[in-house]
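As stored in model_10.cif (mmCIF, C-alpha atoms):
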```cif
data_model
#
loop_
_atom_site.label_atom_id
_atom_site.label_comp_id
_atom_site.auth_asym_id
_atom_site.auth_seq_id
_atom_site.Cartn_x
_atom_site.Cartn_y
_atom_site.Cartn_z
CA MET R 1 -33.81 -30.07 30.04
CA LEU R 2 -30.26 -31.17 29.36
CA HIS R 3 -31.09 -31.83 25.76
CA ALA R 4 -32.60 -28.37 25.40
CA LEU R 5 -29.51 -26.77 26.93
CA LEU R 6 -27.24 -28.78 24.61
CA ALA R 7 -29.36 -27.85 21.62
CA SER R 8 -29.19 -24.15 22.43
CA THR R 9 -25.40 -24.09 22.80
CA VAL R 10 -24.14 -26.83 20.49
CA VAL R 11 -26.40 -26.54 17.45
CA PRO R 12 -24.55 -24.44 14.87
CA PRO R 13 -26.28 -21.25 13.80
CA ASP R 14 -28.24 -21.50 10.58
CA PRO R 15 -27.46 -20.66 7.75
CA PHE R 16 -23.78 -21.49 7.26
CA HIS R 17 -21.43 -18.50 6.89
CA ALA R 18 -17.96 -19.21 5.57
CA PRO R 19 -15.39 -17.64 7.89
CA GLY R 20 -13.71 -14.58 6.40
CA THR R 21 -11.38 -11.84 7.49
CA GLU R 22 -13.54 -11.11 10.55
CA ILE R 23 -11.81 -13.96 12.40
CA PHE R 24 -8.70 -11.77 12.68
CA ILE R 25 -10.51 -9.00 14.56
CA THR R 26 -9.72 -9.23 18.24
CA HIS R 27 -11.56 -7.73 21.18
CA CYS R 28 -10.15 -6.01 24.23
CA TRP R 29 -9.36 -8.25 27.19
CA VAL R 30 -7.90 -5.65 29.52
CA GLY R 31 -8.48 -1.92 29.18
CA SER R 32 -10.18 -0.21 26.28
CA GLY R 33 -9.45 1.89 23.25
CA GLU R 34 -6.63 1.49 20.73
CA TRP R 35 -3.95 0.45 23.21
CA CYS R 36 -5.86 -2.22 25.11
CA MET R 37 -4.57 -5.73 25.73
CA ASN R 38 -6.21 -8.08 23.24
CA ARG R 39 -5.63 -11.68 22.23
CA ALA R 40 -2.92 -10.90 19.67
CA MET R 41 -1.01 -8.59 21.98
CA PHE R 42 -1.26 -10.95 24.94
CA TRP R 43 0.15 -13.88 22.99
CA MET R 44 2.85 -11.74 21.42
CA VAL R 45 4.06 -10.74 24.88
CA MET R 46 3.77 -14.39 25.95
CA SER R 47 5.91 -15.48 23.00
CA ALA R 48 8.67 -13.12 24.11
CA VAL R 49 8.38 -14.52 27.64
CA ILE R 50 8.48 -18.08 26.29
CA VAL R 51 11.57 -17.47 24.13
CA ILE R 52 13.49 -15.60 26.82
CA GLY R 53 12.45 -18.04 29.55
CA PHE R 54 13.33 -21.04 27.41
CA PHE R 55 16.83 -19.84 26.57
CA VAL R 56 17.55 -18.68 30.13
CA LEU R 57 16.32 -21.95 31.66
CA ALA R 58 18.04 -24.13 29.08
CA THR R 59 21.47 -22.55 29.40
CA ARG R 60 21.52 -21.61 33.09
CA LYS R 61 23.29 -24.78 34.18
CA SER R 62 24.85 -25.73 30.88
CA LYS R 63 26.80 -28.96 30.80
CA LEU R 64 29.43 -30.21 28.38
CA VAL R 65 27.16 -33.06 27.33
CA PRO R 66 23.78 -31.39 26.78
CA THR R 67 20.55 -32.97 27.93
CA GLY R 68 16.88 -32.12 27.56
CA MET R 69 16.18 -28.45 27.05
CA GLN R 70 19.83 -27.56 26.52
CA ASN R 71 19.83 -29.93 23.55
CA LEU R 72 16.96 -28.07 21.92
CA ALA R 73 18.54 -24.68 22.57
CA GLU R 74 21.83 -25.84 21.07
CA VAL R 75 20.09 -27.30 18.04
CA THR R 76 18.33 -23.96 17.44
CA VAL R 77 21.54 -21.94 17.70
CA ASP R 78 23.44 -24.48 15.59
CA PHE R 79 20.74 -24.40 12.92
CA VAL R 80 20.87 -20.61 12.61
CA ARG R 81 24.67 -20.66 12.71
CA ASN R 82 25.29 -23.41 10.16
CA SER R 83 22.42 -23.26 7.71
CA VAL R 84 21.68 -19.54 7.78
CA ILE R 85 24.78 -17.50 8.60
CA MET R 86 27.54 -19.78 7.29
CA GLU R 87 25.62 -20.40 4.04
CA VAL R 88 24.90 -16.79 3.09
CA MET R 89 27.15 -14.48 5.14
CA GLY R 90 30.27 -16.51 5.93
CA LYS R 91 32.35 -16.20 9.10
CA GLY R 92 32.06 -12.39 9.17
CA GLY R 93 28.34 -12.62 9.90
CA LEU R 94 28.70 -14.48 13.18
CA THR R 95 28.27 -11.22 15.10
CA PHE R 96 24.63 -11.36 14.01
CA LEU R 97 24.07 -14.83 15.53
CA PRO R 98 22.21 -13.50 18.64
CA LEU R 99 19.96 -11.24 16.57
CA LEU R 100 19.09 -13.90 14.00
CA THR R 101 18.55 -16.63 16.61
CA ALA R 102 16.22 -14.37 18.58
CA MET R 103 14.39 -13.40 15.42
CA PHE R 104 14.03 -17.02 14.28
CA SER R 105 12.73 -18.27 17.64
CA PHE R 106 10.37 -15.32 18.09
CA ILE R 107 8.78 -15.73 14.65
CA PHE R 108 8.61 -19.50 15.01
CA VAL R 109 6.86 -19.34 18.38
CA ASN R 110 4.44 -16.71 17.09
CA ASN R 111 3.65 -18.84 14.04
CA ILE R 112 3.25 -22.04 16.03
CA PHE R 113 0.52 -20.42 18.16
CA GLY R 114 -1.76 -20.94 15.15
CA ILE R 115 -1.87 -24.71 15.58
CA ILE R 116 -1.78 -25.03 19.37
CA PRO R 117 -5.33 -25.91 20.47
CA GLY R 118 -6.61 -23.31 22.93
CA ILE R 119 -4.55 -20.51 21.44
CA SER R 120 -5.31 -21.14 17.76
CA PHE R 121 -4.23 -17.72 16.62
CA PRO R 122 -0.95 -17.07 14.81
CA THR R 123 -0.03 -13.63 16.12
CA THR R 124 2.05 -12.96 12.99
CA SER R 125 -1.22 -12.90 11.05
CA ARG R 126 -1.76 -9.39 12.42
CA MET R 127 0.17 -7.04 10.13
CA ALA R 128 1.69 -5.02 13.00
CA ILE R 129 4.23 -7.69 13.97
CA PRO R 130 5.63 -8.56 10.51
CA ILE R 131 5.81 -4.90 9.49
CA PHE R 132 7.63 -4.01 12.69
CA LEU R 133 10.13 -6.84 12.22
CA ALA R 134 10.64 -5.87 8.59
CA LEU R 135 11.22 -2.21 9.47
CA MET R 136 13.73 -3.31 12.09
CA VAL R 137 15.57 -5.34 9.44
CA TYR R 138 15.38 -2.35 7.08
CA VAL R 139 17.04 -0.06 9.62
CA ILE R 140 19.68 -2.66 10.52
CA PHE R 141 20.81 -3.49 6.99
CA ASN R 142 20.94 0.13 5.89
CA PHE R 143 22.83 1.04 9.06
CA MET R 144 25.33 -1.79 8.51
CA GLY R 145 25.78 -0.75 4.88
CA VAL R 146 26.49 2.86 5.82
CA LYS R 147 28.71 1.78 8.72
CA SER R 148 30.89 -0.69 6.84
CA GLN R 149 31.10 1.11 3.48
CA GLY R 150 30.33 4.76 4.21
CA GLY R 151 27.15 6.50 3.12
CA LEU R 152 28.01 7.49 -0.44
CA THR R 153 29.90 4.29 -1.28
CA TYR R 154 26.97 2.25 0.02
CA LEU R 155 24.45 4.16 -2.10
CA LYS R 156 26.75 3.87 -5.12
CA SER R 157 27.22 0.13 -4.72
CA VAL R 158 23.47 -0.38 -4.37
CA LEU R 159 22.31 1.92 -7.17
CA PHE R 160 25.19 1.39 -9.62
CA PRO R 161 26.16 -2.29 -9.41
CA PRO R 162 29.57 -2.80 -11.05
CA GLY R 163 30.11 -4.88 -14.17
CA VAL R 164 27.29 -3.35 -16.19
CA PRO R 165 27.77 -1.29 -19.39
CA TRP R 166 26.86 2.31 -18.59
CA PRO R 167 23.72 2.75 -20.78
CA ILE R 168 22.09 -0.07 -18.82
CA TYR R 169 22.24 2.09 -15.68
CA PHE R 170 19.24 4.06 -17.00
CA LEU R 171 17.29 0.83 -16.58
CA VAL R 172 19.06 -0.75 -13.60
CA THR R 173 19.28 2.21 -11.23
CA PRO R 174 15.52 2.92 -10.89
CA ILE R 175 14.83 -0.80 -10.55
CA GLU R 176 17.45 -1.17 -7.82
CA LEU R 177 16.21 1.95 -6.05
CA VAL R 178 12.65 0.62 -5.88
CA SER R 179 13.54 -2.99 -5.19
CA VAL R 180 16.06 -2.35 -2.40
CA PHE R 181 14.50 0.56 -0.55
CA ILE R 182 10.76 0.01 -1.07
CA VAL R 183 9.98 -3.53 -2.14
CA ARG R 184 12.33 -5.30 0.30
CA PRO R 185 10.57 -4.41 3.58
CA LEU R 186 7.20 -4.75 1.88
CA THR R 187 7.76 -8.28 0.55
CA LEU R 188 9.51 -9.36 3.74
CA SER R 189 6.51 -8.45 5.88
CA VAL R 190 3.76 -9.38 3.42
CA ARG R 191 5.26 -12.85 2.86
CA LEU R 192 5.09 -13.76 6.55
CA PHE R 193 1.73 -12.05 7.09
CA ALA R 194 -0.05 -13.56 4.07
CA ASN R 195 1.24 -17.06 4.76
CA MET R 196 -0.07 -16.99 8.30
CA VAL R 197 -3.40 -15.44 7.27
CA ALA R 198 -3.89 -18.10 4.60
CA GLY R 199 -3.01 -20.89 7.02
CA HIS R 200 -5.32 -19.61 9.74
CA LEU R 201 -8.20 -19.18 7.26
CA ILE R 202 -7.79 -22.73 5.94
CA LEU R 203 -7.67 -24.19 9.47
CA THR R 204 -10.75 -22.21 10.50
CA ILE R 205 -12.69 -23.25 7.41
CA PHE R 206 -12.01 -26.95 8.02
CA ALA R 207 -12.71 -26.66 11.75
CA VAL R 208 -16.04 -24.89 11.15
CA GLY R 209 -16.86 -27.37 8.40
CA THR R 210 -16.24 -30.31 10.74
CA TYR R 211 -18.49 -28.68 13.33
CA TYR R 212 -21.35 -28.01 10.91
CA LEU R 213 -21.24 -31.41 9.24
CA GLY R 214 -20.71 -33.29 12.50
CA ALA R 215 -23.77 -31.60 14.01
CA HIS R 216 -25.88 -33.54 11.49
CA PHE R 217 -25.06 -36.74 13.41
CA PHE R 218 -26.86 -35.44 16.47
CA PHE R 219 -29.50 -32.97 15.40
CA ALA R 220 -30.63 -33.99 11.89
CA GLU R 221 -33.63 -36.19 11.22
CA GLY R 222 -33.73 -39.48 9.32
CA ALA R 223 -31.48 -39.89 6.30
CA ASN R 224 -30.02 -36.41 6.85
CA LYS R 225 -27.97 -37.94 9.67
CA LEU R 226 -25.75 -39.50 6.98
CA VAL R 227 -24.53 -36.01 6.00
CA GLY R 228 -22.60 -36.17 9.24
CA LEU R 229 -20.31 -38.76 7.64
CA PHE R 230 -18.74 -35.96 5.59
CA SER R 231 -17.35 -34.48 8.80
CA ILE R 232 -14.82 -37.36 8.92
CA PRO R 233 -12.86 -36.31 5.81
CA ALA R 234 -13.18 -32.68 6.90
CA PHE R 235 -11.60 -33.54 10.25
CA ALA R 236 -8.88 -35.61 8.56
CA MET R 237 -8.13 -32.64 6.34
CA LEU R 238 -7.99 -30.40 9.43
CA LEU R 239 -5.36 -32.66 11.00
CA PHE R 240 -3.40 -32.77 7.76
CA MET R 241 -3.47 -28.98 7.43
CA MET R 242 -2.29 -28.64 11.03
CA ALA R 243 0.76 -30.75 10.20
CA PHE R 244 1.27 -28.68 7.08
CA GLU R 245 1.01 -25.47 9.10
CA LEU R 246 3.77 -26.75 11.37
CA LEU R 247 5.97 -27.00 8.28
CA VAL R 248 4.88 -23.54 7.11
CA ALA R 249 5.56 -22.02 10.53
CA PHE R 250 9.11 -23.37 10.48
CA LEU R 251 9.69 -22.46 6.83
CA GLN R 252 8.49 -18.88 7.18
CA ALA R 253 10.66 -18.28 10.25
CA TYR R 254 13.60 -19.78 8.34
CA ILE R 255 12.96 -17.70 5.21
CA PHE R 256 12.55 -14.48 7.19
CA THR R 257 15.84 -15.14 8.99
CA ILE R 258 17.74 -16.13 5.86
CA LEU R 259 16.51 -13.08 3.94
CA THR R 260 17.58 -10.87 6.82
CA ALA R 261 21.01 -12.50 6.66
CA VAL R 262 21.16 -11.99 2.88
CA TYR R 263 20.20 -8.32 3.15
CA ILE R 264 22.69 -7.58 5.92
CA GLY R 265 25.45 -9.57 4.20
CA GLY R 266 24.79 -7.82 0.89
CA ALA R 267 24.92 -4.39 2.54
CA MET R 268 28.20 -5.18 4.32
CA HIS R 269 30.04 -6.75 1.39
CA PRO R 270 29.15 -5.30 -2.02
CA GLU R 271 29.55 -7.34 -5.19
CA HIS R 272 32.80 -6.71 -6.98
CA MET G 1 -16.75 -12.04 -27.45
CA SER G 2 -20.18 -10.40 -27.55
CA HIS G 3 -21.52 -13.57 -25.94
CA MET G 4 -19.10 -13.13 -23.09
CA LEU G 5 -20.05 -9.50 -22.65
CA ALA G 6 -23.73 -10.37 -22.64
CA LEU G 7 -23.02 -13.07 -20.07
CA LEU G 8 -21.05 -10.67 -17.90
CA ALA G 9 -23.82 -8.10 -18.14
CA ALA G 10 -26.30 -10.74 -17.04
CA VAL G 11 -24.29 -11.73 -13.95
CA GLU G 12 -26.09 -10.55 -10.87
CA GLY G 13 -25.45 -10.83 -7.18
CA ASP G 14 -22.05 -10.58 -5.49
CA VAL G 15 -19.78 -9.85 -8.46
CA GLY G 16 -17.03 -8.83 -6.02
CA ALA G 17 -16.54 -12.48 -5.09
CA ILE G 18 -15.82 -13.34 -8.73
CA GLY G 19 -13.30 -10.49 -8.91
CA LYS G 20 -11.57 -11.69 -5.76
CA GLY G 21 -11.36 -15.21 -7.11
CA LEU G 22 -9.98 -13.93 -10.42
CA VAL G 23 -7.34 -11.77 -8.70
CA TYR G 24 -5.93 -14.64 -6.70
CA GLY G 25 -6.32 -17.18 -9.50
CA LEU G 26 -4.46 -15.02 -12.02
CA ALA G 27 -1.79 -14.07 -9.48
CA ALA G 28 -1.12 -17.74 -8.74
CA ILE G 29 -0.43 -18.83 -12.35
CA GLY G 30 2.97 -17.21 -12.80
CA PRO G 31 4.45 -18.06 -9.40
CA GLY G 32 3.09 -21.60 -9.74
CA ILE G 33 4.98 -22.14 -12.98
CA GLY G 34 8.00 -20.33 -11.54
CA ILE G 35 8.23 -22.45 -8.39
CA GLY G 36 7.75 -25.58 -10.48
CA PHE G 37 10.73 -24.69 -12.67
CA LEU G 38 12.78 -23.59 -9.69
CA VAL G 39 12.33 -26.73 -7.62
CA GLY G 40 12.64 -29.00 -10.65
CA LYS G 41 15.97 -27.47 -11.63
CA SER G 42 17.17 -27.57 -8.01
CA VAL G 43 16.37 -31.29 -7.76
CA GLU G 44 18.23 -31.83 -11.01
CA ALA G 45 21.23 -29.93 -9.64
CA MET G 46 21.16 -31.87 -6.36
CA ALA G 47 20.97 -35.20 -8.22
CA ARG G 48 23.92 -34.27 -10.43
CA GLN G 49 26.04 -32.97 -7.59
CA PRO G 50 24.92 -34.34 -4.22
CA GLU G 51 27.84 -32.72 -2.37
CA ALA G 52 26.48 -29.27 -3.28
CA ALA G 53 22.98 -30.17 -2.03
CA GLY G 54 23.11 -27.91 1.03
CA GLN G 55 24.00 -24.79 -0.91
CA VAL G 56 21.49 -25.58 -3.66
CA ARG G 57 18.75 -26.05 -1.08
CA THR G 58 19.47 -22.70 0.60
CA THR G 59 19.47 -20.90 -2.74
CA MET G 60 16.29 -22.72 -3.74
CA PHE G 61 14.47 -21.51 -0.62
CA LEU G 62 15.65 -17.97 -1.31
CA GLY G 63 14.35 -18.17 -4.87
CA ILE G 64 11.05 -19.66 -3.72
CA ALA G 65 10.67 -16.81 -1.22
CA PHE G 66 11.09 -14.20 -3.94
CA VAL G 67 8.75 -15.92 -6.41
CA GLU G 68 6.12 -16.75 -3.81
CA ALA G 69 5.84 -13.10 -2.76
CA LEU G 70 4.07 -12.33 -6.07
CA ALA G 71 1.33 -14.87 -5.41
CA LEU G 72 0.96 -13.59 -1.85
CA PHE G 73 0.47 -10.04 -3.12
CA GLY G 74 -2.44 -11.41 -5.14
CA PHE G 75 -3.77 -13.16 -2.05
CA VAL G 76 -3.67 -9.98 0.02
CA LEU G 77 -5.11 -7.90 -2.82
CA SER G 78 -8.06 -10.28 -3.12
CA PHE G 79 -9.04 -9.28 0.42
CA ILE G 80 -8.47 -5.58 -0.18
CA ILE G 81 -10.57 -5.11 -3.34
#
```

As C-alpha cells:
Amino acid sequence: MLHALLASTVVPPDPFHAPGTEIFITHCWVGSGEWCMNRAMFWMVMSAVIVIGFFVLATRKSKLVPTGMQNLAEVTVDFVRNSVIMEVMGKGGLTFLPLLTAMFSFIFVNNIFGIIPGISFPTTSRMAIPIFLALMVYVIFNFMGVKSQGGLTYLKSVLFPPGVPWPIYFLVTPIELVSVFIVRPLTLSVRLFANMVAGHLILTIFAVGTYYLGAHFFFAEGANKLVGLFSIPAFAMLLFMMAFELLVAFLQAYIFTILTAVYIGGAMHPEH
Amino acid sequence: MSHMLALLAAVEGDVGAIGKGLVYGLAAIGPGIGIGFLVGKSVEAMARQPEAAGQVRTTMFLGIAFVEALALFGFVLSFII
C-alpha cells in the first residue's frame, strides 16, 4: 500500500523531458486573468518588503558601534558608496546613493531567490522586472542630462563627442544615437534577464537530472540500480552551480548598479 | 561542399534544435575571446601596478558587462528562433 503510493508519486514520469522555457511560465495564485497574483509577482512584492523591512529594522536603533543587522546594512551602503559611486561618478554622485543602494539590494534579493530552496525562482528571470528597471534608468539618466546641461547641449554632447575630426561625425553620430538611446536600455535589461534565465535553467536541469538518476536506486531492477550512482556527480554539480549562482546574483546586481552610475555620471558631466 | 549540402539535406527530425545550438555556439566565440583578452590584460595591469588594482577591477567589470551582452543576445535569440 505504502509502496504503491510512493511509486505513484515519487517515480519520475517516463520518458525524460529536458526542462525548457516552460519552467518560467507561472500560474495564478490569487485572482485570474492578466493581472493576477502569481509566483513571480508574489516574490517580487516580498523582495520589496524584505529590503524595506531589513533597512528599517537595521537602522531603527542605530548605534555608534554597529552590531548584527546594522553591520550588514552599513556594509551594503559602504559598498555602493565606495566601489560604485566613488569609482565612477566621484563625490558629485553621492546624491544618487539612496537610489543605487535600493536598486542594488532589490536586484540582489530578487536574484538570490533563485537559489533559496522553497522559492527557487529568480524573479528577475521574468523580463518585466529588468525591462522596468532599465526604463527607469533610461528616464533618470536622460532627465539628469537635460537638467544639468540643458536639452540641446546634452544632445550635442551625446551625438557630437568633442575631439573628433568633423568627417568622422558621419560615422560617429548614428552609432552614438543608436548605442545611447536604443541599445543601452536593451543591453541593460537583457544582460540581467539572460543571466538569471541561464542560471535557473542550469539549476533545474541538474536538479531534474539528480531526481531521474537517483530514482534508479529505488525503482530499477538488477544491474540498472547502478545507474543511480550517476546521481551523485549530478547532485555535486547542482551544489556547485548553486554556489556559482550566488556569485552571479551578486555580480549582476553590482554590474547593473555600476552601469546605472556610469550612465548617470556620463549624462551629468560630458567629456571635454 | 556538395558533401555538406547532401548531408544537410539528409538531416531529418528537429532541425530547429541544431539551429538553436549553432546560434548560441557562434555567438559565444567572439565574447569568449574578448573576455579572455580583457581579463588577461587586467591581471597584467594589476600585477604591474597593484595600487591601481581597485580602479582596474571596476573598469574590467564594466568591459566584461559590455562584451558579455553580445553572447547573451545569442542566448536569448536561441530561444526565440

* Counting only C-alpha atoms, the option among R:Thr76, R:Ser179, R:Thr123, R:Asn71 closest to chain G ->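 For chain G, the nearest of the given residues is R:Ser179.
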
* Tell me the residues of chain G close to chain R, meaning within 7 Å using only C-alpha atoms, as a ChimeraX atom specification. => /G:55,65,69,72,76

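We find atom CA of Arg60 of chain R and atom CA of Val75 of chain R to be spaced 16.2 Å apart.
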
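Among the candidates G:Met46, G:Ile80, G:Met60, G:Ile18, the residue lying nearest to Gly34 of chain G is G:Met60 (atoms considered: all atoms listed in the file).
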
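Among R:His269, R:Phe235, R:Asn110, R:Leu171, the residue with the shortest atom-to-atom distance to Ile205 of chain R, counting only C-alpha atoms, is R:Phe235.
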
* Structure fact -> Here atom CA of Val137 of chain R and atom CA of Thr260 of chain R stand apart by 6.4 Å

* To do: Counting all atoms listed in the file, find the residues whose atoms lie at most 10 Å from (7.7, -6.4, 16.2) (file coordinates) and write them out as a list of chain:residue names.
  =>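 Protein, DNA and RNA residues close to (7.7, -6.4, 16.2): R:Met44, R:Met103, R:Phe106, R:Ile107, R:Thr124, R:Met127, R:Ala128, R:Ile129, R:Pro130, R:Ile131, R:Phe132, R:Leu133, R:Ala134, R:Leu135, R:Met136.
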
Written selection (C-alpha atoms) as a tab-separated table (two decimals), in the frame of the given file:
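Okay, selection_31.tsv is ready:
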```tsv
chain	number	residue	atom	x	y	z
R	44	MET	CA	2.85	-11.74	21.42
R	103	MET	CA	14.39	-13.40	15.42
R	106	PHE	CA	10.37	-15.32	18.09
R	107	ILE	CA	8.78	-15.73	14.65
R	124	THR	CA	2.05	-12.96	12.99
R	127	MET	CA	0.17	-7.04	10.13
R	128	ALA	CA	1.69	-5.02	13.00
R	129	ILE	CA	4.23	-7.69	13.97
R	130	PRO	CA	5.63	-8.56	10.51
R	131	ILE	CA	5.81	-4.90	9.49
R	132	PHE	CA	7.63	-4.01	12.69
R	133	LEU	CA	10.13	-6.84	12.22
R	134	ALA	CA	10.64	-5.87	8.59
R	135	LEU	CA	11.22	-2.21	9.47
R	136	MET	CA	13.73	-3.31	12.09
```

* Excluding segment 208-217 of chain R and any residue of its chain fewer than 2 positions from it, enumerate the residues within 8 Å of it, using only C-alpha atoms, and give them as a list in words. =>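 Here the qualifying residues turn out to be Val11, Pro12, Phe16, Pro19, Thr204, Ile205, Phe206, Phe219, Ala220, Asn224, Lys225, Leu226, Val227, Gly228, Leu229, Phe230, Ser231, Ile232, Ala234 and Phe235 of chain R.
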
* List, as a list in words, every residue that the PyMOL selection byres ((chain R and resi 172-176) around 12) selects in the file provided. =>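 Answer for the PyMOL selection byres ((chain R and resi 172-176) around 12): Leu155, Lys156, Ser157, Val158, Leu159, Phe160, Pro161, Pro162, Gly163, Val164, Pro165, Trp166, Pro167, Ile168, Tyr169, Phe170, Leu171, Leu177, Val178, Ser179, Val180, Phe181, Ile182, Val183 and Arg184 of chain R.
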
* Give me, please, the distance in Å between atom CA of Gly68 of chain R and atom CA of Phe108 of chain R, quoted to one decimal. =>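 About the pair atom CA of Gly68 of chain R and atom CA of Phe108 of chain R: they are 19.6 Å apart.
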
* Test item: the PyMOL selection byres ((chain R and resi 139-144) around 8) resolved as a PyMOL selection string -> chain R and resi 135-138+145-148+263-264+267-268

Next, write the just-selected residues to a file, as a PDB file, in the coordinates of the input, keeping C-alpha atoms as the atom set.
```pdb
ATOM      1  CA  LEU R 135      11.220  -2.210   9.470  1.00  0.00           C
ATOM      2  CA  MET R 136      13.730  -3.310  12.090  1.00  0.00           C
ATOM      3  CA  VAL R 137      15.570  -5.340   9.440  1.00  0.00           C
ATOM      4  CA  TYR R 138      15.380  -2.350   7.080  1.00  0.00           C
ATOM      5  CA  GLY R 145      25.780  -0.750   4.880  1.00  0.00           C
ATOM      6  CA  VAL R 146      26.490   2.860   5.820  1.00  0.00           C
ATOM      7  CA  LYS R 147      28.710   1.780   8.720  1.00  0.00           C
ATOM      8  CA  SER R 148      30.890  -0.690   6.840  1.00  0.00           C
ATOM      9  CA  TYR R 263      20.200  -8.320   3.150  1.00  0.00           C
ATOM     10  CA  ILE R 264      22.690  -7.580   5.920  1.00  0.00           C
ATOM     11  CA  ALA R 267      24.920  -4.390   2.540  1.00  0.00           C
ATOM     12  CA  MET R 268      28.200  -5.180   4.320  1.00  0.00           C
TER      13      MET R 268
END
```

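Evaluating the PyMOL selection byres ((chain G and resi 39) around 12) against the shown model yields Pro31, Gly32, Ile33, Gly34, Ile35, Gly36, Phe37, Leu38, Gly40, Lys41, Ser42, Val43, Glu44, Ala45, Met46, Val56, Arg57, Thr58, Thr59, Met60, Phe61, Leu62, Gly63, Ile64, Ala65 and Val67 of chain G.
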
* Asked: Leaving out Asn38 of chain R and any residue of its chain fewer than 3 positions from it, which residues lie within 7 Å of it when counting all atoms listed in the file, given as a list in words?
  ->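 My list of contacting residues is Thr26, His27, Cys28, Trp29, Val30, Met41 and Phe42 of chain R.
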
* **Residue neighbourhood Phe240 of chain R, 12 Å, only C-alpha atoms, exclusion window fewer than 4 positions, as a ChimeraX atom specification** => /R:115,199,202-203,206-207,233-236,244-247

* For Val80 of chain R, work out the shell of residues within 8 Å, counting only C-alpha atoms and skipping chain neighbours fewer than 6 positions away, then give it as an NGL selection string. => :R and (97 or 100-101 or 104)

* For Leu72 of chain R, please output as a PyMOL selection string all residues within 10 Å (counting all atoms listed in the file; exclusion window: fewer than 5 positions along the same chain). => chain R and resi 54-55+58+66-67+77-78
